[in-house]
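**Student:** My file is coords_33.tsv. It has TSV, C-alpha atoms:
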```
chain	number	residue	atom	x	y	z
U	20	MET	CA	55.23	28.88	70.67
U	21	GLN	CA	52.54	31.20	72.02
U	22	THR	CA	53.10	34.82	71.05
U	23	LYS	CA	52.62	37.63	73.53
U	24	ASN	CA	49.55	39.77	73.31
U	25	LEU	CA	50.63	43.10	71.73
U	26	SER	CA	48.69	45.22	74.22
U	27	GLU	CA	50.27	43.34	77.13
U	28	GLU	CA	53.75	43.94	75.74
U	29	LEU	CA	53.21	47.63	75.00
U	30	PHE	CA	51.66	48.33	78.38
U	31	LYS	CA	54.02	46.13	80.44
U	32	PRO	CA	54.74	48.09	83.65
U	33	ARG	CA	58.24	49.53	83.83
U	34	PHE	CA	57.64	52.40	86.22
U	35	GLU	CA	54.63	54.39	87.33
U	36	HIS	CA	53.65	56.63	84.47
U	37	PRO	CA	52.27	60.10	85.23
U	38	GLU	CA	48.48	60.03	85.53
U	39	THR	CA	46.72	61.96	82.76
U	40	SER	CA	45.08	64.66	84.89
U	41	ALA	CA	48.47	65.53	86.43
U	42	LEU	CA	50.31	66.10	83.14
U	43	VAL	CA	49.44	69.81	82.94
U	44	ARG	CA	50.45	71.55	86.15
U	45	ARG	CA	48.24	74.46	87.20
U	46	ILE	CA	49.81	77.65	88.50
U	47	ALA	CA	46.74	79.86	88.62
U	48	GLY	CA	43.60	77.88	87.93
U	49	CYS	CA	39.96	78.72	87.58
U	50	PRO	CA	36.96	77.11	89.30
U	51	PRO	CA	36.43	73.56	87.97
U	52	GLY	CA	33.60	73.24	85.51
U	53	SER	CA	31.96	70.42	83.63
U	54	GLY	CA	30.41	69.88	80.26
U	55	SER	CA	29.78	67.43	77.49
U	56	PHE	CA	28.46	67.35	73.97
U	57	ALA	CA	25.12	66.03	75.13
U	58	ASP	CA	24.64	67.53	78.56
U	59	ASN	CA	26.37	70.53	80.09
U	60	ARG	CA	25.33	69.30	83.54
U	61	SER	CA	27.76	66.37	83.48
U	62	PRO	CA	28.83	65.33	87.01
U	63	HIS	CA	31.84	67.05	88.57
U	64	CYS	CA	33.38	63.78	89.77
U	65	TRP	CA	35.22	63.08	86.49
U	66	TYR	CA	38.31	64.80	85.15
U	67	ARG	CA	37.43	63.81	81.60
U	68	THR	CA	34.32	65.21	79.98
U	69	LEU	CA	32.12	62.18	79.38
U	70	THR	CA	30.56	62.04	75.90
U	71	PRO	CA	28.49	58.82	75.90
U	72	LEU	CA	26.28	60.18	73.14
U	73	LEU	CA	29.20	60.41	70.72
U	74	TRP	CA	30.64	57.09	71.87
U	75	SER	CA	27.26	55.45	71.26
U	76	TRP	CA	27.04	57.07	67.85
U	77	ARG	CA	30.44	55.59	67.01
U	78	GLY	CA	29.11	52.13	67.87
U	79	ILE	CA	29.79	51.54	71.59
U	80	SER	CA	26.63	50.39	73.37
U	81	PRO	CA	25.45	52.33	76.46
U	82	ILE	CA	25.63	49.08	78.45
U	83	GLU	CA	29.30	48.62	77.57
U	84	ILE	CA	30.08	52.27	78.30
U	85	ASN	CA	28.45	52.05	81.74
U	86	GLU	CA	30.21	48.76	82.43
U	87	VAL	CA	33.66	50.28	81.89
U	88	LEU	CA	32.81	53.50	83.73
U	89	SER	CA	31.53	51.44	86.66
U	90	ARG	CA	34.82	49.53	86.90
U	91	ILE	CA	36.68	52.84	86.97
U	92	ALA	CA	34.37	54.41	89.52
U	93	ALA	CA	34.44	51.38	91.86
U	94	SER	CA	38.22	51.14	92.08
U	95	PRO	CA	39.53	51.45	95.67
U	96	LEU	CA	43.07	52.27	94.47
U	97	ALA	CA	44.86	55.58	95.02
U	98	ARG	CA	43.98	58.48	92.76
U	99	SER	CA	45.81	61.68	91.81
U	100	ASN	CA	42.69	63.49	92.98
U	101	GLU	CA	40.42	61.51	95.28
U	102	GLN	CA	37.48	63.68	94.18
U	103	LEU	CA	37.86	62.60	90.54
U	104	LEU	CA	36.99	59.01	89.70
U	105	ASP	CA	39.09	58.67	86.54
U	106	THR	CA	42.44	59.58	88.11
U	107	VAL	CA	43.59	56.17	89.39
U	108	ARG	CA	47.40	56.14	89.25
U	109	GLY	CA	49.33	53.44	87.42
U	110	TYR	CA	48.34	51.06	84.65
U	111	ARG	CA	46.10	48.79	86.71
U	112	ASN	CA	42.47	48.10	87.63
U	113	GLY	CA	40.45	51.30	87.75
U	114	ASN	CA	42.86	53.34	85.64
U	115	TRP	CA	41.04	54.96	82.71
U	116	ILE	CA	43.52	53.87	80.04
U	117	TYR	CA	43.78	50.37	81.49
U	118	GLU	CA	40.05	49.68	81.69
U	119	TRP	CA	39.21	50.92	78.19
U	120	SER	CA	42.26	49.12	76.74
U	121	VAL	CA	41.27	45.84	78.41
U	122	GLN	CA	37.81	46.23	76.88
U	123	ALA	CA	39.38	46.92	73.49
U	124	ALA	CA	41.62	43.86	73.76
U	125	ARG	CA	38.53	41.68	74.20
U	126	TRP	CA	37.18	42.92	70.89
U	127	GLN	CA	40.56	42.34	69.26
U	128	GLU	CA	40.34	38.69	70.24
U	129	LYS	CA	36.80	38.49	68.87
U	130	ALA	CA	37.98	40.00	65.59
U	131	LYS	CA	40.69	37.36	65.20
U	132	SER	CA	38.08	34.60	65.33
U	133	LYS	CA	35.88	36.15	62.63
U	134	THR	CA	36.14	36.89	58.93
U	135	GLY	CA	34.85	39.48	56.50
U	136	ALA	CA	32.56	42.25	57.65
U	137	LEU	CA	32.07	40.68	61.09
U	138	ALA	CA	35.80	40.83	61.70
U	139	GLY	CA	35.87	44.39	60.42
U	140	GLU	CA	33.16	45.50	62.82
U	141	SER	CA	35.03	43.95	65.76
U	142	TRP	CA	38.32	45.59	64.72
U	143	LEU	CA	36.54	48.93	64.37
U	144	HIS	CA	34.97	48.46	67.80
U	145	ALA	CA	38.42	47.81	69.27
U	146	ALA	CA	39.82	50.89	67.53
U	147	ASN	CA	37.08	53.08	69.01
U	148	LEU	CA	37.71	51.68	72.50
U	149	PHE	CA	41.46	52.24	72.24
U	150	SER	CA	40.75	55.81	71.10
U	151	ILE	CA	38.57	56.39	74.17
U	152	ALA	CA	41.38	54.91	76.28
U	153	ALA	CA	43.76	57.58	74.95
U	154	TYR	CA	41.19	60.41	75.36
U	155	PRO	CA	41.76	63.37	75.75
U	156	HIS	CA	45.07	62.75	73.95
U	157	LEU	CA	47.31	65.02	76.02
U	158	ASN	CA	50.95	65.31	74.99
U	159	GLU	CA	53.55	63.28	76.91
U	160	ASP	CA	50.92	60.81	78.11
U	161	GLU	CA	52.93	57.67	77.35
U	162	LEU	CA	50.20	55.17	78.16
U	163	ALA	CA	47.77	57.10	75.97
U	164	ASP	CA	50.37	57.13	73.18
U	165	GLN	CA	50.53	53.35	73.33
U	166	ALA	CA	46.73	53.10	73.23
U	167	ARG	CA	46.75	55.30	70.11
U	168	VAL	CA	49.23	52.98	68.41
U	169	LEU	CA	46.84	50.10	69.01
U	170	ALA	CA	43.85	52.20	67.91
U	171	TYR	CA	45.39	52.99	64.53
U	172	ARG	CA	46.55	49.41	64.06
U	173	ALA	CA	43.05	48.08	64.77
U	174	TYR	CA	41.53	50.74	62.50
U	175	GLU	CA	43.66	49.74	59.53
U	176	GLN	CA	42.73	46.11	60.14
U	177	ALA	CA	39.05	47.08	60.24
U	178	THR	CA	39.06	48.99	56.99
U	179	THR	CA	40.52	46.03	55.09
U	180	CYS	CA	37.35	44.08	55.95
U	181	LEU	CA	34.66	46.75	55.65
U	182	ARG	CA	32.96	48.31	52.63
U	183	GLY	CA	34.80	51.12	50.93
U	184	GLU	CA	38.50	51.47	50.40
U	185	LEU	CA	41.07	53.02	52.71
U	186	ARG	CA	44.20	54.53	51.22
U	187	PRO	CA	46.81	55.76	53.71
U	188	LEU	CA	48.44	58.88	52.27
U	189	LYS	CA	51.47	60.98	53.16
U	190	PHE	CA	51.60	64.69	52.42
U	191	ARG	CA	54.76	66.80	52.33
U	192	MET	CA	55.02	69.76	54.68
U	193	ASP	CA	57.11	72.89	54.15
U	194	ASP	CA	59.49	71.82	56.92
U	195	GLY	CA	60.41	68.66	55.02
U	196	LYS	CA	58.38	66.32	57.24
U	197	THR	CA	55.33	64.34	56.15
U	198	VAL	CA	51.90	64.04	57.74
U	199	ASP	CA	49.82	60.86	57.57
U	200	ALA	CA	46.21	61.00	56.42
U	201	PHE	CA	43.48	58.50	55.58
U	202	LEU	CA	41.50	58.67	52.34
U	203	HIS	CA	38.23	56.73	52.35
U	204	LEU	CA	36.70	55.99	48.95
U	205	PRO	CA	33.05	55.07	48.32
U	206	GLU	CA	32.37	51.51	47.20
U	207	GLN	CA	30.03	52.69	44.44
U	208	GLY	CA	31.02	55.02	41.62
U	209	ASN	CA	34.25	55.82	39.86
U	210	ALA	CA	37.16	58.03	40.80
U	211	PRO	CA	37.85	60.87	40.91
U	212	PHE	CA	35.29	61.54	43.65
U	213	PRO	CA	34.19	64.80	45.25
U	214	ALA	CA	35.77	64.86	48.68
U	215	VAL	CA	35.30	66.23	52.17
U	216	LEU	CA	38.36	67.00	54.30
U	217	VAL	CA	37.38	66.53	57.94
U	218	CYS	CA	38.82	68.96	60.50
U	219	GLY	CA	38.19	67.27	63.86
U	220	GLY	CA	38.17	68.51	67.42
U	221	LEU	CA	41.25	68.89	69.60
U	222	ASP	CA	40.23	65.85	71.66
U	223	THR	CA	39.63	63.40	68.80
U	224	LEU	CA	41.63	61.21	66.43
U	225	GLN	CA	40.99	61.03	62.71
U	226	LEU	CA	39.80	57.43	63.06
U	227	ASP	CA	36.85	58.66	65.16
U	228	TYR	CA	35.04	59.75	62.00
U	229	PHE	CA	34.61	56.42	60.22
U	230	ARG	CA	30.85	56.37	60.77
U	231	LEU	CA	30.60	59.85	59.25
U	232	PHE	CA	32.01	58.36	56.06
U	233	HIS	CA	30.20	55.03	56.16
U	234	ASP	CA	26.70	56.31	56.99
U	235	TYR	CA	26.64	59.80	55.51
U	236	LEU	CA	29.30	60.56	52.89
U	237	ALA	CA	29.86	57.22	51.13
U	238	PRO	CA	26.16	56.72	50.27
U	239	ARG	CA	26.27	60.12	48.57
U	240	GLY	CA	29.32	59.19	46.50
U	241	ILE	CA	31.65	61.48	48.45
U	242	ALA	CA	35.16	60.51	49.54
U	243	MET	CA	36.43	61.46	52.99
U	244	LEU	CA	39.96	62.59	53.79
U	245	THR	CA	40.97	62.77	57.45
U	246	MET	CA	44.06	64.01	59.26
U	247	ASP	CA	44.83	64.73	62.88
U	248	MET	CA	44.83	68.21	64.31
U	249	PRO	CA	48.22	69.74	65.19
U	250	SER	CA	49.82	68.05	68.25
U	251	VAL	CA	47.40	65.07	68.09
U	252	GLY	CA	48.03	61.53	66.83
U	253	TYR	CA	49.90	61.45	63.52
U	254	SER	CA	50.27	65.26	63.69
U	255	ALA	CA	51.86	65.21	67.16
U	256	ARG	CA	55.16	66.68	65.96
U	257	TRP	CA	53.52	70.04	65.19
U	258	ARG	CA	52.25	72.42	67.87
U	259	LEU	CA	48.98	74.32	67.63
U	260	THR	CA	49.69	77.96	66.78
U	261	GLN	CA	47.61	80.96	65.77
U	262	ASP	CA	48.01	79.63	62.21
U	263	THR	CA	45.62	76.81	63.14
U	264	SER	CA	45.07	75.78	59.52
U	265	MET	CA	48.75	75.37	58.62
U	266	LEU	CA	48.73	71.56	58.18
U	267	HIS	CA	45.33	71.34	56.51
U	268	GLN	CA	46.21	74.21	54.16
U	269	GLN	CA	49.30	72.43	52.87
U	270	VAL	CA	47.32	69.23	52.37
U	271	LEU	CA	44.57	71.12	50.55
U	272	LYS	CA	47.11	72.53	48.09
U	273	GLN	CA	48.34	69.02	47.24
U	274	LEU	CA	44.96	67.42	46.50
U	275	ALA	CA	45.40	68.00	42.76
U	276	GLU	CA	48.12	65.33	42.97
U	277	VAL	CA	45.74	62.71	44.43
U	278	PRO	CA	44.19	60.82	41.47
U	279	TRP	CA	41.15	59.54	43.40
U	280	ILE	CA	39.96	63.05	44.36
U	281	ASP	CA	38.33	65.63	42.14
U	282	HIS	CA	40.27	68.60	43.50
U	283	ARG	CA	37.77	70.99	41.90
U	284	ARG	CA	35.02	69.65	44.19
U	285	VAL	CA	36.40	69.73	47.72
U	286	GLY	CA	34.61	70.74	50.90
U	287	LEU	CA	35.60	71.02	54.56
U	288	TRP	CA	33.73	69.68	57.59
U	289	GLY	CA	34.84	71.38	60.82
U	290	GLN	CA	33.88	69.89	64.20
U	291	ARG	CA	34.28	72.07	67.33
U	292	PHE	CA	37.77	73.60	67.19
U	293	GLY	CA	38.22	72.02	63.78
U	294	ALA	CA	35.75	74.61	62.52
U	295	ASN	CA	38.41	77.20	63.34
U	296	VAL	CA	40.61	75.50	60.74
U	297	ALA	CA	37.81	75.11	58.20
U	298	VAL	CA	36.53	78.69	58.39
U	299	ARG	CA	40.07	80.06	58.30
U	300	LEU	CA	40.68	78.20	55.04
U	301	ALA	CA	37.47	79.63	53.60
U	302	TYR	CA	39.35	82.94	53.59
U	303	LEU	CA	42.92	81.82	52.88
U	304	GLU	CA	42.14	79.24	50.16
U	305	SER	CA	38.71	80.21	48.86
U	306	GLY	CA	39.72	79.26	45.31
U	307	LEU	CA	40.28	75.63	46.31
U	308	LEU	CA	36.98	75.10	48.16
U	309	ARG	CA	33.39	74.52	47.14
U	310	ALA	CA	31.89	74.63	50.65
U	311	VAL	CA	32.60	74.69	54.39
U	312	ALA	CA	30.32	73.06	56.97
U	313	CYS	CA	30.74	73.66	60.71
U	314	HIS	CA	29.27	71.65	63.56
U	315	SER	CA	29.27	73.37	66.98
U	316	PRO	CA	32.12	75.69	65.93
U	317	VAL	CA	34.71	77.26	68.24
U	318	VAL	CA	35.99	80.28	66.35
U	319	HIS	CA	35.59	83.33	68.62
U	320	SER	CA	33.37	83.44	71.72
U	321	LEU	CA	35.01	80.76	73.88
U	322	LEU	CA	38.44	82.02	72.89
U	323	THR	CA	37.77	85.58	74.03
U	324	GLU	CA	35.06	85.59	76.74
U	325	GLU	CA	36.23	84.91	80.28
U	326	SER	CA	32.71	84.05	81.45
U	327	LEU	CA	32.58	81.11	79.03
U	328	GLN	CA	36.12	79.98	79.82
U	329	HIS	CA	35.20	79.72	83.50
U	330	ARG	CA	32.35	77.36	82.61
U	331	VAL	CA	34.36	74.80	80.64
U	332	PRO	CA	35.98	71.77	82.34
U	333	ASP	CA	39.57	71.85	83.50
U	334	MET	CA	40.21	69.15	80.89
U	335	PHE	CA	39.42	71.54	78.04
U	336	LEU	CA	41.88	74.16	79.27
U	337	ASP	CA	44.48	71.41	79.76
U	338	ILE	CA	43.93	70.34	76.15
U	339	LEU	CA	44.51	73.88	74.90
U	340	ALA	CA	47.68	74.20	76.96
U	341	SER	CA	48.92	70.79	75.82
U	342	ARG	CA	48.26	71.51	72.15
U	343	MET	CA	50.27	74.71	72.48
U	344	GLY	CA	53.20	72.77	73.97
U	345	LYS	CA	52.75	73.91	77.57
U	346	ASN	CA	53.07	71.58	80.59
U	347	THR	CA	52.04	74.31	83.03
U	348	LEU	CA	48.81	76.25	82.92
U	349	ASP	CA	48.71	79.85	84.12
U	350	TYR	CA	45.10	80.71	83.36
U	351	PRO	CA	45.47	84.52	82.88
U	352	THR	CA	48.37	83.95	80.49
U	353	LEU	CA	46.53	81.20	78.62
U	354	ALA	CA	43.41	83.34	78.29
U	355	ALA	CA	45.44	86.17	76.79
U	356	GLU	CA	47.16	83.82	74.33
U	357	ILE	CA	44.08	81.99	73.06
U	358	SER	CA	42.31	85.26	72.27
U	359	ALA	CA	44.70	85.49	69.33
U	360	TYR	CA	43.19	82.26	67.98
U	361	SER	CA	39.86	84.04	67.47
U	362	LEU	CA	39.20	84.38	63.74
U	363	LYS	CA	37.43	87.65	64.42
U	364	ASN	CA	40.45	89.02	66.24
U	365	GLN	CA	42.59	87.85	63.32
U	366	GLY	CA	40.57	90.11	61.04
U	367	LEU	CA	38.95	87.29	59.07
U	368	LEU	CA	35.45	86.62	60.40
U	369	GLY	CA	33.20	89.57	59.73
U	370	ARG	CA	34.54	89.96	56.21
U	371	ARG	CA	32.70	88.26	53.35
U	372	THR	CA	34.08	85.10	51.76
U	373	PRO	CA	32.73	83.71	48.47
U	374	VAL	CA	32.79	80.15	49.89
U	375	PRO	CA	29.31	78.91	50.94
U	376	MET	CA	29.34	78.19	54.68
U	377	LEU	CA	26.88	76.29	56.84
U	378	SER	CA	27.05	76.38	60.63
U	379	ALA	CA	25.08	74.14	62.98
U	380	PHE	CA	24.65	74.90	66.68
U	381	ARG	CA	22.79	73.41	69.62
U	382	LYS	CA	20.83	75.60	72.01
U	383	ASN	CA	22.51	76.40	75.35
U	384	ASP	CA	25.90	75.08	74.23
U	385	PHE	CA	28.38	77.39	75.96
U	386	TYR	CA	31.24	75.94	73.90
U	387	SER	CA	29.53	77.22	70.78
U	388	PRO	CA	26.75	79.79	71.38
U	389	GLU	CA	24.31	80.77	68.63
U	390	GLU	CA	26.18	84.03	68.02
U	391	GLU	CA	29.18	81.98	66.91
U	392	SER	CA	27.26	80.32	64.09
U	393	GLN	CA	25.49	83.57	63.17
U	394	LEU	CA	28.89	85.22	62.74
U	395	ILE	CA	30.04	82.45	60.40
U	396	VAL	CA	26.87	82.46	58.31
U	397	ASN	CA	26.78	86.24	58.00
U	398	SER	CA	30.39	86.20	56.79
U	399	SER	CA	29.55	84.03	53.78
U	400	VAL	CA	28.00	85.15	50.52
U	401	GLN	CA	25.89	81.96	50.72
U	402	GLY	CA	25.45	81.22	54.42
U	403	LYS	CA	23.09	78.72	56.00
U	404	LEU	CA	22.23	78.46	59.72
U	405	LEU	CA	21.19	75.12	61.19
U	406	ARG	CA	19.62	74.92	64.65
U	407	ILE	CA	20.00	71.55	66.40
U	408	PRO	CA	17.26	70.72	68.95
U	409	ALA	CA	18.65	69.73	72.33
U	410	LEU	CA	16.33	66.72	72.70
U	411	PRO	CA	16.02	63.93	71.84
U	412	ALA	CA	19.81	64.01	71.79
U	413	MET	CA	20.66	61.09	69.51
U	414	LYS	CA	17.93	61.88	66.98
U	415	SER	CA	19.02	65.52	66.90
U	416	LEU	CA	22.63	64.50	66.29
U	417	VAL	CA	21.72	62.08	63.49
U	418	ASP	CA	19.31	64.55	61.87
U	419	SER	CA	21.91	67.33	61.93
U	420	LEU	CA	24.53	65.08	60.31
U	421	GLN	CA	22.02	64.13	57.61
U	422	GLN	CA	21.19	67.76	56.89
U	423	ILE	CA	24.84	68.83	56.78
U	424	SER	CA	25.65	65.91	54.45
U	425	ASP	CA	22.76	66.80	52.16
U	426	TRP	CA	23.95	70.40	52.00
U	427	LEU	CA	27.54	69.38	51.24
U	428	GLU	CA	26.38	67.00	48.51
U	429	LYS	CA	24.42	69.78	46.89
U	430	GLN	CA	27.40	72.15	47.00
U	431	LEU	CA	29.98	69.60	45.80
U	432	LYS	CA	27.92	68.22	42.92
U	433	ARG	CA	26.50	71.44	41.53
```
Let's see the structure in the file written out as structure tokens.

**Tutor:**
Amino acid sequence: MQTKNLSEELFKPRFEHPETSALVRRIAGCPPGSGSFADNRSPHCWYRTLTPLLWSWRGISPIEINEVLSRIAASPLARSNEQLLDTVRGYRNGNWIYEWSVQAARWQEKAKSKTGALAGESWLHAANLFSIAAYPHLNEDELADQARVLAYRAYEQATTCLRGELRPLKFRMDDGKTVDAFLHLPEQGNAPFPAVLVCGGLDTLQLDYFRLFHDYLAPRGIAMLTMDMPSVGYSARWRLTQDTSMLHQQVLKQLAEVPWIDHRRVGLWGQRFGANVAVRLAYLESGLLRAVACHSPVVHSLLTEESLQHRVPDMFLDILASRMGKNTLDYPTLAAEISAYSLKNQGLLGRRTPVPMLSAFRKNDFYSPEEESQLIVNSSVQGKLLRIPALPAMKSLVDSLQQISDWLEKQLKR
């Protein structure tokens, strides 16, 4: 008997689910902005911030990205906002989650017909596509939740076929619950390994960082531990609070119990808002860390300066509200609340920490201006500033990841 396709069963229409851009209701908004990792002049006709550079880096070809975006843009079906192309209502042609999930399902089928590393690459490709389908991972987005389930399932399938070893781990939290994390071990060398705990952005899943391990950390004999940020993915049951590092701090304290990790040689890699977590821990748990590396950090400026907040996309403010457990967004109230997330306002940044810290920034990035990285570097006894050229974009990204990895290796193996 023919079994039903899992994605078809999970996404089977039962009623019209709320469209992603309508999940956070705006009471007092600000002028819509736009921005992306690669180009702050991204078109205003998308609700989601498009990041094709990062998607390409993760292994999705530009041709495939444009193909899916074209299907979304060409849809004649009703949208929540007719000015925004990715707001087609309902799980059907043209809907963001639908189109990326359909693309992912094609790669799932390819994976089933292959073996070994070829199967692993196809499963990983499907996982990345399902993750993009769920992007930006807002709370109470049921269709996105289902895409995340498929993303993690495909990811675990992929890692059984690819080089290196994946060990799913559970860590105990103070509230009695457990949080799921992934430990990736290098193929070469013997445990215990030096390890990097990745603190990702608010709009990413922990599976989005496989290439960081495969191409940069594993060749250097470094293990990678990932976990989702509060209110995202496997950490969805916890809300983001001013104690942004709460989950990662509790995991960090338990690494001595993980036999594959050398808990005396642990570093943090903070991406975007994840740098807020990483730098915070450089103060709170300096005795447990060898180094902290930040890539385009968000630790103060964007959280306190209204001029920058008015330049970011509506999606980014929706993400902040969603992570804090809000389904309505009153901009003046939100702006006042997120200022408390500034590590400078918390009395941490500006003081010296003994943990070596590197911070990388890209010119003209209003999410993370140069002053942000200067503040981090100047607050470390051994600080290092890394300037990322704006162009060529992909080469600059790859070069910066290489340099950060080299620096971490030096700090963890000294």

**Student:** Could you list, as a list in words, every residue within 10 Å of Ala359 (chain U), counting all atoms listed in the file and ignoring same-chain residues fewer than 5 positions away?

**Tutor:**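 Counting only the stated atoms, we get Thr260, Gln261, Asp262, His319, Leu322, Thr323, Ala354, Asn364 and Gln365 of chain U.
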
**Student:** Using all atoms listed in the file, which of the listed residues (U:Leu327, U:Leu266, U:Leu271, U:Val215) sits closest to Leu244 (chain U)?

**Tutor:**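 Looking at the shortest contact to Leu244 (chain U), the residue is U:Val215.
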
**Student:** Between U:Leu42, U:Leu181, U:Leu231, U:Arg330, which is the closest to Leu73 (chain U) once you count only C-alpha atoms?

**Tutor:** U:Leu231

**Student:** With distances taken over all atoms listed in the file, which residue among U:Gly293, U:Pro213, U:Pro155, U:Pro81 lies nearest Phe335 (chain U)?

**Tutor:**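 Residue with the minimum atom-to-atom distance to Phe335 (chain U): U:Pro155.
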
**Student:** Quote the spacing between CA of Pro238 (chain U) and CA of Cys218 (chain U) in Å to one decimal place.

**Tutor:**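 Interatomic distance, CA of Pro238 (chain U) to CA of Cys218 (chain U): 20.4 Å.
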
**Student:** Rounded to one decimal place, report the CA of Asp222 (chain U)-CA of Glu206 (chain U) distance in Å.

**Tutor:** 29.4 Å

**Student:** From the list U:Glu159, U:Asp164, U:Glu391, U:Glu175, which residue is nearest Glu140 (chain U) when using only C-alpha atoms?

**Tutor:**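 So, comparing all the options, the nearest one is U:Glu175.
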
**Student:** Find the residues with any atom within 6 Å of (35.2, 77.4, 74.0); use only C-alpha atoms and the coordinates as given in the file, and write the answer as a ChimeraX atom specification.

**Tutor:** /U:317,321-322,386
